[in-house]
>>> print(open('input_37.cif').read())   # mmCIF, N, CA and C atoms
data_final
loop_
_atom_site.label_atom_id
_atom_site.label_comp_id
_atom_site.auth_asym_id
_atom_site.auth_seq_id
_atom_site.Cartn_x
_atom_site.Cartn_y
_atom_site.Cartn_z
N MET A 2 0.84 -1.18 0.00
CA MET A 2 0.00 0.00 0.00
C MET A 2 0.89 1.25 0.00
N ARG A 3 0.34 2.28 -0.61
CA ARG A 3 1.06 3.54 -0.70
C ARG A 3 0.09 4.65 -0.31
N VAL A 4 0.57 5.66 0.40
CA VAL A 4 -0.25 6.80 0.79
C VAL A 4 -0.05 7.90 -0.23
N LYS A 5 -1.17 8.47 -0.69
CA LYS A 5 -1.11 9.53 -1.69
C LYS A 5 -1.88 10.73 -1.17
N LYS A 6 -1.32 11.93 -1.36
CA LYS A 6 -1.96 13.16 -0.92
C LYS A 6 -2.50 13.89 -2.14
N ILE A 7 -3.79 14.23 -2.12
CA ILE A 7 -4.42 14.96 -3.21
C ILE A 7 -4.86 16.31 -2.66
N VAL A 8 -4.42 17.38 -3.30
CA VAL A 8 -4.76 18.73 -2.87
C VAL A 8 -5.76 19.31 -3.87
N SER A 9 -6.83 19.90 -3.35
CA SER A 9 -7.87 20.46 -4.20
C SER A 9 -8.44 21.71 -3.54
N TYR A 10 -9.15 22.51 -4.32
CA TYR A 10 -9.82 23.69 -3.80
C TYR A 10 -11.32 23.54 -4.03
N TYR A 11 -12.12 23.94 -3.04
CA TYR A 11 -13.57 23.88 -3.15
C TYR A 11 -14.13 25.15 -2.52
N ASN A 12 -14.80 25.97 -3.32
CA ASN A 12 -15.38 27.24 -2.85
C ASN A 12 -14.38 28.08 -2.07
N GLY A 13 -13.15 28.12 -2.56
CA GLY A 13 -12.13 28.93 -1.93
C GLY A 13 -11.44 28.27 -0.75
N TYR A 14 -11.83 27.06 -0.38
CA TYR A 14 -11.21 26.36 0.73
C TYR A 14 -10.22 25.33 0.20
N LEU A 15 -9.10 25.22 0.87
CA LEU A 15 -8.11 24.21 0.53
C LEU A 15 -8.53 22.90 1.17
N ILE A 16 -8.63 21.85 0.37
CA ILE A 16 -9.02 20.53 0.87
C ILE A 16 -7.90 19.56 0.54
N ILE A 17 -7.49 18.80 1.53
CA ILE A 17 -6.43 17.82 1.33
C ILE A 17 -7.02 16.44 1.61
N PHE A 18 -6.92 15.56 0.63
CA PHE A 18 -7.36 14.18 0.77
C PHE A 18 -6.13 13.31 0.98
N ILE A 19 -6.18 12.44 1.95
CA ILE A 19 -5.12 11.46 2.15
C ILE A 19 -5.73 10.11 1.79
N VAL A 20 -5.20 9.46 0.76
CA VAL A 20 -5.75 8.20 0.30
C VAL A 20 -4.67 7.13 0.31
N THR A 21 -5.10 5.92 0.59
CA THR A 21 -4.17 4.80 0.47
C THR A 21 -4.43 4.11 -0.86
N VAL A 22 -3.36 3.79 -1.55
CA VAL A 22 -3.45 3.17 -2.86
C VAL A 22 -2.87 1.77 -2.76
N ARG A 23 -3.64 0.79 -3.21
CA ARG A 23 -3.15 -0.60 -3.24
C ARG A 23 -2.41 -0.82 -4.54
N LEU A 24 -1.23 -1.29 -4.42
CA LEU A 24 -0.43 -1.54 -5.61
C LEU A 24 -0.84 -2.85 -6.26
N GLY A 25 -0.80 -2.89 -7.57
CA GLY A 25 -1.09 -4.11 -8.30
C GLY A 25 -2.54 -4.31 -8.67
N LEU A 26 -3.42 -3.36 -8.32
CA LEU A 26 -4.82 -3.49 -8.69
C LEU A 26 -5.05 -2.90 -10.08
N PRO A 27 -5.99 -3.44 -10.83
CA PRO A 27 -6.26 -2.89 -12.16
C PRO A 27 -6.86 -1.50 -12.07
N ALA A 28 -6.77 -0.75 -13.15
CA ALA A 28 -7.33 0.60 -13.19
C ALA A 28 -8.85 0.53 -13.09
N VAL A 29 -9.42 1.45 -12.36
CA VAL A 29 -10.86 1.48 -12.17
C VAL A 29 -11.44 2.50 -13.14
N LYS A 30 -12.38 2.04 -14.00
CA LYS A 30 -12.94 2.92 -15.01
C LYS A 30 -14.39 3.30 -14.73
N ASN A 31 -15.12 2.45 -14.04
CA ASN A 31 -16.52 2.76 -13.74
C ASN A 31 -16.94 2.03 -12.47
N ARG A 32 -18.18 2.26 -12.04
CA ARG A 32 -18.64 1.68 -10.78
C ARG A 32 -18.65 0.15 -10.82
N ALA A 33 -18.95 -0.44 -11.96
CA ALA A 33 -18.96 -1.91 -12.05
C ALA A 33 -17.57 -2.47 -11.80
N SER A 34 -16.55 -1.80 -12.34
CA SER A 34 -15.20 -2.30 -12.11
C SER A 34 -14.76 -2.03 -10.68
N ILE A 35 -15.31 -1.00 -10.03
CA ILE A 35 -15.00 -0.76 -8.62
C ILE A 35 -15.51 -1.94 -7.80
N ASN A 36 -16.72 -2.41 -8.09
CA ASN A 36 -17.28 -3.54 -7.35
C ASN A 36 -16.42 -4.78 -7.50
N ARG A 37 -15.82 -4.97 -8.66
CA ARG A 37 -14.96 -6.13 -8.85
C ARG A 37 -13.63 -5.97 -8.12
N VAL A 38 -13.13 -4.73 -8.03
CA VAL A 38 -11.82 -4.50 -7.44
C VAL A 38 -11.87 -4.57 -5.92
N VAL A 39 -12.88 -3.99 -5.31
CA VAL A 39 -12.97 -3.96 -3.86
C VAL A 39 -13.28 -5.36 -3.35
N ALA A 40 -12.57 -5.75 -2.30
CA ALA A 40 -12.74 -7.10 -1.76
C ALA A 40 -14.18 -7.34 -1.35
N GLY A 41 -14.74 -8.45 -1.74
CA GLY A 41 -16.10 -8.81 -1.39
C GLY A 41 -17.15 -8.17 -2.28
N GLY A 42 -16.73 -7.32 -3.22
CA GLY A 42 -17.68 -6.71 -4.13
C GLY A 42 -18.52 -5.60 -3.53
N VAL A 43 -18.14 -5.09 -2.36
CA VAL A 43 -18.90 -4.04 -1.70
C VAL A 43 -18.08 -2.76 -1.68
N VAL A 44 -18.66 -1.67 -2.13
CA VAL A 44 -17.98 -0.38 -2.12
C VAL A 44 -18.16 0.25 -0.75
N PRO A 45 -17.08 0.70 -0.11
CA PRO A 45 -17.23 1.32 1.21
C PRO A 45 -18.03 2.61 1.12
N GLU A 46 -18.66 2.98 2.23
CA GLU A 46 -19.49 4.19 2.27
C GLU A 46 -18.62 5.42 2.03
N GLN A 47 -19.15 6.36 1.26
CA GLN A 47 -18.41 7.59 0.96
C GLN A 47 -18.28 8.43 2.22
N LEU A 48 -17.09 8.98 2.43
CA LEU A 48 -16.87 9.84 3.58
C LEU A 48 -17.39 11.24 3.29
N GLU A 49 -18.04 11.83 4.26
CA GLU A 49 -18.53 13.20 4.12
C GLU A 49 -17.45 14.15 4.61
N LEU A 50 -17.11 15.14 3.80
CA LEU A 50 -16.11 16.11 4.19
C LEU A 50 -16.70 17.26 4.98
N PHE A 51 -17.99 17.52 4.79
CA PHE A 51 -18.65 18.63 5.45
C PHE A 51 -19.82 18.11 6.27
N VAL A 52 -20.14 18.82 7.32
CA VAL A 52 -21.26 18.45 8.18
C VAL A 52 -22.56 18.66 7.39
N VAL A 53 -23.48 17.72 7.52
CA VAL A 53 -24.78 17.85 6.86
C VAL A 53 -25.57 18.93 7.60
N PRO A 54 -25.99 20.00 6.91
CA PRO A 54 -26.65 21.11 7.61
C PRO A 54 -28.05 20.75 8.08
N ASN A 55 -28.44 21.33 9.20
CA ASN A 55 -29.78 21.15 9.72
C ASN A 55 -30.73 21.97 8.85
N PRO A 56 -31.80 21.38 8.33
CA PRO A 56 -32.69 22.10 7.41
C PRO A 56 -33.68 23.04 8.10
N CYS A 57 -33.63 23.15 9.42
CA CYS A 57 -34.60 23.98 10.15
C CYS A 57 -34.53 25.43 9.68
N ARG A 58 -35.71 26.01 9.44
CA ARG A 58 -35.79 27.41 9.00
C ARG A 58 -36.39 28.31 10.09
N GLY A 59 -36.66 27.73 11.25
CA GLY A 59 -37.17 28.51 12.37
C GLY A 59 -38.67 28.77 12.33
N ILE A 60 -39.40 28.11 11.45
CA ILE A 60 -40.85 28.30 11.38
C ILE A 60 -41.53 27.40 12.41
N CYS A 61 -41.18 26.15 12.44
CA CYS A 61 -41.58 25.19 13.47
C CYS A 61 -43.09 25.14 13.73
N GLN A 62 -43.86 25.02 12.67
CA GLN A 62 -45.31 24.78 12.76
C GLN A 62 -45.61 23.57 11.90
N THR A 63 -46.49 22.72 12.38
CA THR A 63 -46.80 21.52 11.61
C THR A 63 -48.08 21.70 10.81
N ASP A 64 -48.11 21.02 9.67
CA ASP A 64 -49.32 21.04 8.84
C ASP A 64 -50.24 19.91 9.26
N GLU A 65 -51.32 19.71 8.51
CA GLU A 65 -52.30 18.68 8.88
C GLU A 65 -51.75 17.26 8.77
N ARG A 66 -50.66 17.07 8.03
CA ARG A 66 -50.07 15.73 7.90
C ARG A 66 -48.96 15.48 8.92
N GLY A 67 -48.61 16.49 9.72
CA GLY A 67 -47.59 16.33 10.75
C GLY A 67 -46.20 16.73 10.32
N TYR A 68 -46.06 17.34 9.15
CA TYR A 68 -44.76 17.80 8.67
C TYR A 68 -44.57 19.28 9.01
N CYS A 69 -43.35 19.65 9.34
CA CYS A 69 -43.03 21.05 9.63
C CYS A 69 -43.25 21.88 8.37
N ARG A 70 -43.85 23.05 8.52
CA ARG A 70 -44.12 23.92 7.36
C ARG A 70 -42.84 24.55 6.82
N GLY A 71 -41.78 24.59 7.62
CA GLY A 71 -40.53 25.20 7.18
C GLY A 71 -39.57 24.23 6.53
N CYS A 72 -39.32 23.10 7.20
CA CYS A 72 -38.30 22.16 6.71
C CYS A 72 -38.87 20.84 6.20
N PHE A 73 -40.16 20.60 6.38
CA PHE A 73 -40.86 19.41 5.87
C PHE A 73 -40.41 18.11 6.55
N ARG A 74 -39.89 18.20 7.78
CA ARG A 74 -39.56 16.99 8.53
C ARG A 74 -40.72 16.63 9.44
N ASN A 75 -40.85 15.33 9.75
CA ASN A 75 -41.87 14.93 10.71
C ASN A 75 -41.28 15.04 12.13
N ARG A 76 -42.10 14.80 13.12
CA ARG A 76 -41.69 14.96 14.52
C ARG A 76 -40.47 14.11 14.86
N ASN A 77 -40.50 12.85 14.48
CA ASN A 77 -39.40 11.95 14.79
C ASN A 77 -38.10 12.41 14.14
N GLU A 78 -38.18 12.86 12.90
CA GLU A 78 -36.98 13.33 12.19
C GLU A 78 -36.42 14.59 12.84
N ARG A 79 -37.29 15.47 13.33
CA ARG A 79 -36.81 16.70 13.99
C ARG A 79 -36.13 16.38 15.31
N PHE A 80 -36.74 15.52 16.11
CA PHE A 80 -36.21 15.26 17.44
C PHE A 80 -34.98 14.36 17.44
N SER A 81 -34.83 13.51 16.44
CA SER A 81 -33.68 12.59 16.43
C SER A 81 -32.56 13.06 15.50
N TRP A 82 -32.63 14.29 14.98
CA TRP A 82 -31.63 14.78 14.03
C TRP A 82 -30.21 14.70 14.60
N GLY A 83 -30.03 15.06 15.85
CA GLY A 83 -28.69 15.07 16.45
C GLY A 83 -28.07 13.69 16.60
N GLN A 84 -28.88 12.65 16.67
CA GLN A 84 -28.36 11.29 16.84
C GLN A 84 -28.20 10.55 15.51
N MET A 85 -28.64 11.14 14.41
CA MET A 85 -28.58 10.46 13.11
C MET A 85 -27.16 10.48 12.54
N SER A 86 -26.86 9.44 11.76
CA SER A 86 -25.59 9.42 11.01
C SER A 86 -25.74 10.34 9.80
N ASP A 87 -24.61 10.65 9.16
CA ASP A 87 -24.66 11.51 7.97
C ASP A 87 -25.51 10.89 6.86
N ALA A 88 -25.45 9.58 6.70
CA ALA A 88 -26.25 8.91 5.67
C ALA A 88 -27.74 9.05 5.97
N GLN A 89 -28.11 8.91 7.25
CA GLN A 89 -29.52 9.06 7.63
C GLN A 89 -29.98 10.49 7.42
N LYS A 90 -29.11 11.47 7.73
CA LYS A 90 -29.46 12.88 7.53
C LYS A 90 -29.66 13.17 6.04
N GLN A 91 -28.80 12.62 5.19
CA GLN A 91 -28.95 12.81 3.75
C GLN A 91 -30.27 12.22 3.27
N ASP A 92 -30.65 11.07 3.83
CA ASP A 92 -31.91 10.44 3.46
C ASP A 92 -33.10 11.31 3.88
N VAL A 93 -33.03 11.89 5.07
CA VAL A 93 -34.10 12.78 5.55
C VAL A 93 -34.19 14.01 4.65
N LEU A 94 -33.05 14.58 4.26
CA LEU A 94 -33.06 15.74 3.37
C LEU A 94 -33.69 15.40 2.02
N ARG A 95 -33.42 14.19 1.52
CA ARG A 95 -34.03 13.75 0.27
C ARG A 95 -35.55 13.65 0.42
N LEU A 96 -36.00 13.09 1.53
CA LEU A 96 -37.44 13.00 1.79
C LEU A 96 -38.07 14.39 1.91
N CYS A 97 -37.36 15.32 2.55
CA CYS A 97 -37.88 16.69 2.69
C CYS A 97 -38.04 17.35 1.33
N ARG A 98 -37.08 17.15 0.44
CA ARG A 98 -37.19 17.73 -0.91
C ARG A 98 -38.38 17.13 -1.65
N GLN A 99 -38.60 15.82 -1.49
CA GLN A 99 -39.75 15.18 -2.13
C GLN A 99 -41.06 15.75 -1.60
N ARG A 100 -41.14 15.94 -0.29
CA ARG A 100 -42.36 16.48 0.32
C ARG A 100 -42.61 17.90 -0.15
N MET A 101 -41.54 18.71 -0.24
CA MET A 101 -41.69 20.09 -0.68
C MET A 101 -42.18 20.14 -2.13
N LYS A 102 -41.60 19.30 -2.99
CA LYS A 102 -42.02 19.27 -4.40
C LYS A 102 -43.46 18.80 -4.53
N ARG A 103 -43.86 17.82 -3.72
CA ARG A 103 -45.24 17.34 -3.75
C ARG A 103 -46.21 18.45 -3.37
N LEU A 104 -45.86 19.23 -2.34
CA LEU A 104 -46.71 20.35 -1.93
C LEU A 104 -46.77 21.42 -3.02
N GLN A 105 -45.64 21.72 -3.64
CA GLN A 105 -45.61 22.72 -4.71
C GLN A 105 -46.47 22.28 -5.89
N ARG A 106 -46.41 20.98 -6.24
CA ARG A 106 -47.23 20.48 -7.35
C ARG A 106 -48.72 20.59 -7.02
N SER A 107 -49.09 20.25 -5.79
CA SER A 107 -50.51 20.32 -5.43
C SER A 107 -50.99 21.77 -5.39
N GLU A 108 -50.14 22.69 -4.91
CA GLU A 108 -50.52 24.11 -4.90
C GLU A 108 -50.65 24.65 -6.32
N LYS A 109 -49.76 24.20 -7.21
CA LYS A 109 -49.82 24.63 -8.60
C LYS A 109 -51.10 24.11 -9.26
N ALA A 110 -51.45 22.85 -8.98
CA ALA A 110 -52.68 22.28 -9.54
C ALA A 110 -53.90 23.02 -9.02
N ASP A 111 -53.89 23.39 -7.74
CA ASP A 111 -55.01 24.15 -7.16
C ASP A 111 -55.12 25.52 -7.81
N ALA A 112 -53.97 26.16 -8.06
CA ALA A 112 -53.98 27.49 -8.68
C ALA A 112 -54.50 27.41 -10.11
N LEU A 113 -54.14 26.35 -10.83
CA LEU A 113 -54.63 26.18 -12.20
C LEU A 113 -56.14 25.94 -12.21
N ALA A 114 -56.62 25.16 -11.25
CA ALA A 114 -58.06 24.89 -11.17
C ALA A 114 -58.83 26.17 -10.88
N GLU A 115 -58.28 27.02 -10.04
CA GLU A 115 -58.95 28.28 -9.71
C GLU A 115 -58.89 29.26 -10.88
N SER A 116 -57.82 29.21 -11.67
CA SER A 116 -57.67 30.17 -12.76
C SER A 116 -58.67 29.91 -13.90
N HIS A 117 -59.22 28.71 -13.99
CA HIS A 117 -60.20 28.40 -15.02
C HIS A 117 -61.57 29.01 -14.72
N GLN A 118 -61.78 29.38 -13.48
CA GLN A 118 -63.04 30.00 -13.10
C GLN A 118 -62.99 31.48 -13.46
N PRO A 119 -63.83 31.95 -14.35
CA PRO A 119 -63.80 33.37 -14.72
C PRO A 119 -64.29 34.26 -13.58
N SER A 120 -63.72 35.42 -13.51
CA SER A 120 -64.10 36.37 -12.48
C SER A 120 -65.46 36.97 -12.81
N LEU A 121 -66.29 37.15 -11.81
CA LEU A 121 -67.61 37.74 -12.01
C LEU A 121 -67.59 39.25 -11.84
N PHE A 122 -66.48 39.78 -11.39
CA PHE A 122 -66.41 41.22 -11.15
C PHE A 122 -65.36 41.87 -11.99
#
>>> encode(input="input_37.cif", output="structure tokens")
Amino acid sequence: MRVKKIVSYYNGYLIIFIVTVRLGLPAVKNRASINRVVAGGVVPEQLELFVVPNPCRGICQTDERGYCRGCFRNRNERFSWGQMSDAQKQDVLRLCRQRMKRLQRSEKADALAESHQPSLF
């Protein structure tokens, strides 16, 4: 094994990656070849370089379905945020985006339905 240092810049910040390289392994060209190269065929979990931000916007009111009107998390997701792993937090953020898009689509459909009604005044 050999240790390799990779220096990069991200949004003006200097980031240094320290990676170990196994000698004698074939070149990796895509995810399928990564699965063949890594022992057991399992790719290790990606390391997060930055903390997953809390999506709270300070509104903290729930709608009729039990989701926060600001961040779209349910009660359990809000209260257990501090104990979640980064992967779990990313999953919650994905669910929040889905919930927000679903609400936007329903509001848009409601607005279109109302716009078909001609004004009487």
>>> resolve_selection(input="input_37.cif", expression="the PyMOL selection byres ((chain A and resi 82-94) around 8)", output="number ranges by chain")
A: 49, 52-56, 73-74, 76-81, 95-100
>>> resolve_selection(input="input_37.cif", expression="the PyMOL selection byres (((chain A and resi 63 and name CA) around 12) and name CA)", output="list in words")
Gly59, Ile60, Cys61, Gln62, Asp64, Glu65, Arg66, Gly67, Tyr68, Cys69, Arg70, Gly71, Cys72, Phe73, Arg74, Asn75, Arg76 and Arg79 of chain A
>>> write_last_selection(input="input_37.cif", atoms="N, CA and C atoms", output="PDB file, keeping the file's coordinate frame")
ATOM      1  N   GLY A  59     -36.660  27.730  11.250  1.00  0.00           N
ATOM      2  CA  GLY A  59     -37.170  28.510  12.370  1.00  0.00           C
ATOM      3  C   GLY A  59     -38.670  28.770  12.330  1.00  0.00           C
ATOM      4  N   ILE A  60     -39.400  28.110  11.450  1.00  0.00           N
ATOM      5  CA  ILE A  60     -40.850  28.300  11.380  1.00  0.00           C
ATOM      6  C   ILE A  60     -41.530  27.400  12.410  1.00  0.00           C
ATOM      7  N   CYS A  61     -41.180  26.150  12.440  1.00  0.00           N
ATOM      8  CA  CYS A  61     -41.580  25.190  13.470  1.00  0.00           C
ATOM      9  C   CYS A  61     -43.090  25.140  13.730  1.00  0.00           C
ATOM     10  N   GLN A  62     -43.860  25.020  12.670  1.00  0.00           N
ATOM     11  CA  GLN A  62     -45.310  24.780  12.760  1.00  0.00           C
ATOM     12  C   GLN A  62     -45.610  23.570  11.900  1.00  0.00           C
ATOM     13  N   ASP A  64     -48.110  21.020   9.670  1.00  0.00           N
ATOM     14  CA  ASP A  64     -49.320  21.040   8.840  1.00  0.00           C
ATOM     15  C   ASP A  64     -50.240  19.910   9.260  1.00  0.00           C
ATOM     16  N   GLU A  65     -51.320  19.710   8.510  1.00  0.00           N
ATOM     17  CA  GLU A  65     -52.300  18.680   8.880  1.00  0.00           C
ATOM     18  C   GLU A  65     -51.750  17.260   8.770  1.00  0.00           C
ATOM     19  N   ARG A  66     -50.660  17.070   8.030  1.00  0.00           N
ATOM     20  CA  ARG A  66     -50.070  15.730   7.900  1.00  0.00           C
ATOM     21  C   ARG A  66     -48.960  15.480   8.920  1.00  0.00           C
ATOM     22  N   GLY A  67     -48.610  16.490   9.720  1.00  0.00           N
ATOM     23  CA  GLY A  67     -47.590  16.330  10.750  1.00  0.00           C
ATOM     24  C   GLY A  67     -46.200  16.730  10.320  1.00  0.00           C
ATOM     25  N   TYR A  68     -46.060  17.340   9.150  1.00  0.00           N
ATOM     26  CA  TYR A  68     -44.760  17.800   8.670  1.00  0.00           C
ATOM     27  C   TYR A  68     -44.570  19.280   9.010  1.00  0.00           C
ATOM     28  N   CYS A  69     -43.350  19.650   9.340  1.00  0.00           N
ATOM     29  CA  CYS A  69     -43.030  21.050   9.630  1.00  0.00           C
ATOM     30  C   CYS A  69     -43.250  21.880   8.370  1.00  0.00           C
ATOM     31  N   ARG A  70     -43.850  23.050   8.520  1.00  0.00           N
ATOM     32  CA  ARG A  70     -44.120  23.920   7.360  1.00  0.00           C
ATOM     33  C   ARG A  70     -42.840  24.550   6.820  1.00  0.00           C
ATOM     34  N   GLY A  71     -41.780  24.590   7.620  1.00  0.00           N
ATOM     35  CA  GLY A  71     -40.530  25.200   7.180  1.00  0.00           C
ATOM     36  C   GLY A  71     -39.570  24.230   6.530  1.00  0.00           C
ATOM     37  N   CYS A  72     -39.320  23.100   7.200  1.00  0.00           N
ATOM     38  CA  CYS A  72     -38.300  22.160   6.710  1.00  0.00           C
ATOM     39  C   CYS A  72     -38.870  20.840   6.200  1.00  0.00           C
ATOM     40  N   PHE A  73     -40.160  20.600   6.380  1.00  0.00           N
ATOM     41  CA  PHE A  73     -40.860  19.410   5.870  1.00  0.00           C
ATOM     42  C   PHE A  73     -40.410  18.110   6.550  1.00  0.00           C
ATOM     43  N   ARG A  74     -39.890  18.200   7.780  1.00  0.00           N
ATOM     44  CA  ARG A  74     -39.560  16.990   8.530  1.00  0.00           C
ATOM     45  C   ARG A  74     -40.720  16.630   9.440  1.00  0.00           C
ATOM     46  N   ASN A  75     -40.850  15.330   9.750  1.00  0.00           N
ATOM     47  CA  ASN A  75     -41.870  14.930  10.710  1.00  0.00           C
ATOM     48  C   ASN A  75     -41.280  15.040  12.130  1.00  0.00           C
ATOM     49  N   ARG A  76     -42.100  14.800  13.120  1.00  0.00           N
ATOM     50  CA  ARG A  76     -41.690  14.960  14.520  1.00  0.00           C
ATOM     51  C   ARG A  76     -40.470  14.110  14.860  1.00  0.00           C
ATOM     52  N   ARG A  79     -37.290  15.470  13.330  1.00  0.00           N
ATOM     53  CA  ARG A  79     -36.810  16.700  13.990  1.00  0.00           C
ATOM     54  C   ARG A  79     -36.130  16.380  15.310  1.00  0.00           C
TER      55      ARG A  79
END
>>> atom_distance(input="input_37.cif", atom1="CA of Ala112 in chain A", atom2="atom C of Cys57 in chain A")
26.8 Å
>>> atom_distance(input="input_37.cif", atom1="CA of Met101 in chain A", atom2="CA of Glu115 in chain A")
21.1 Å
>>> atom_distance(input="input_37.cif", atom1="CA of Lys102 in chain A", atom2="CA of Ala114 in chain A")
18.3 Å
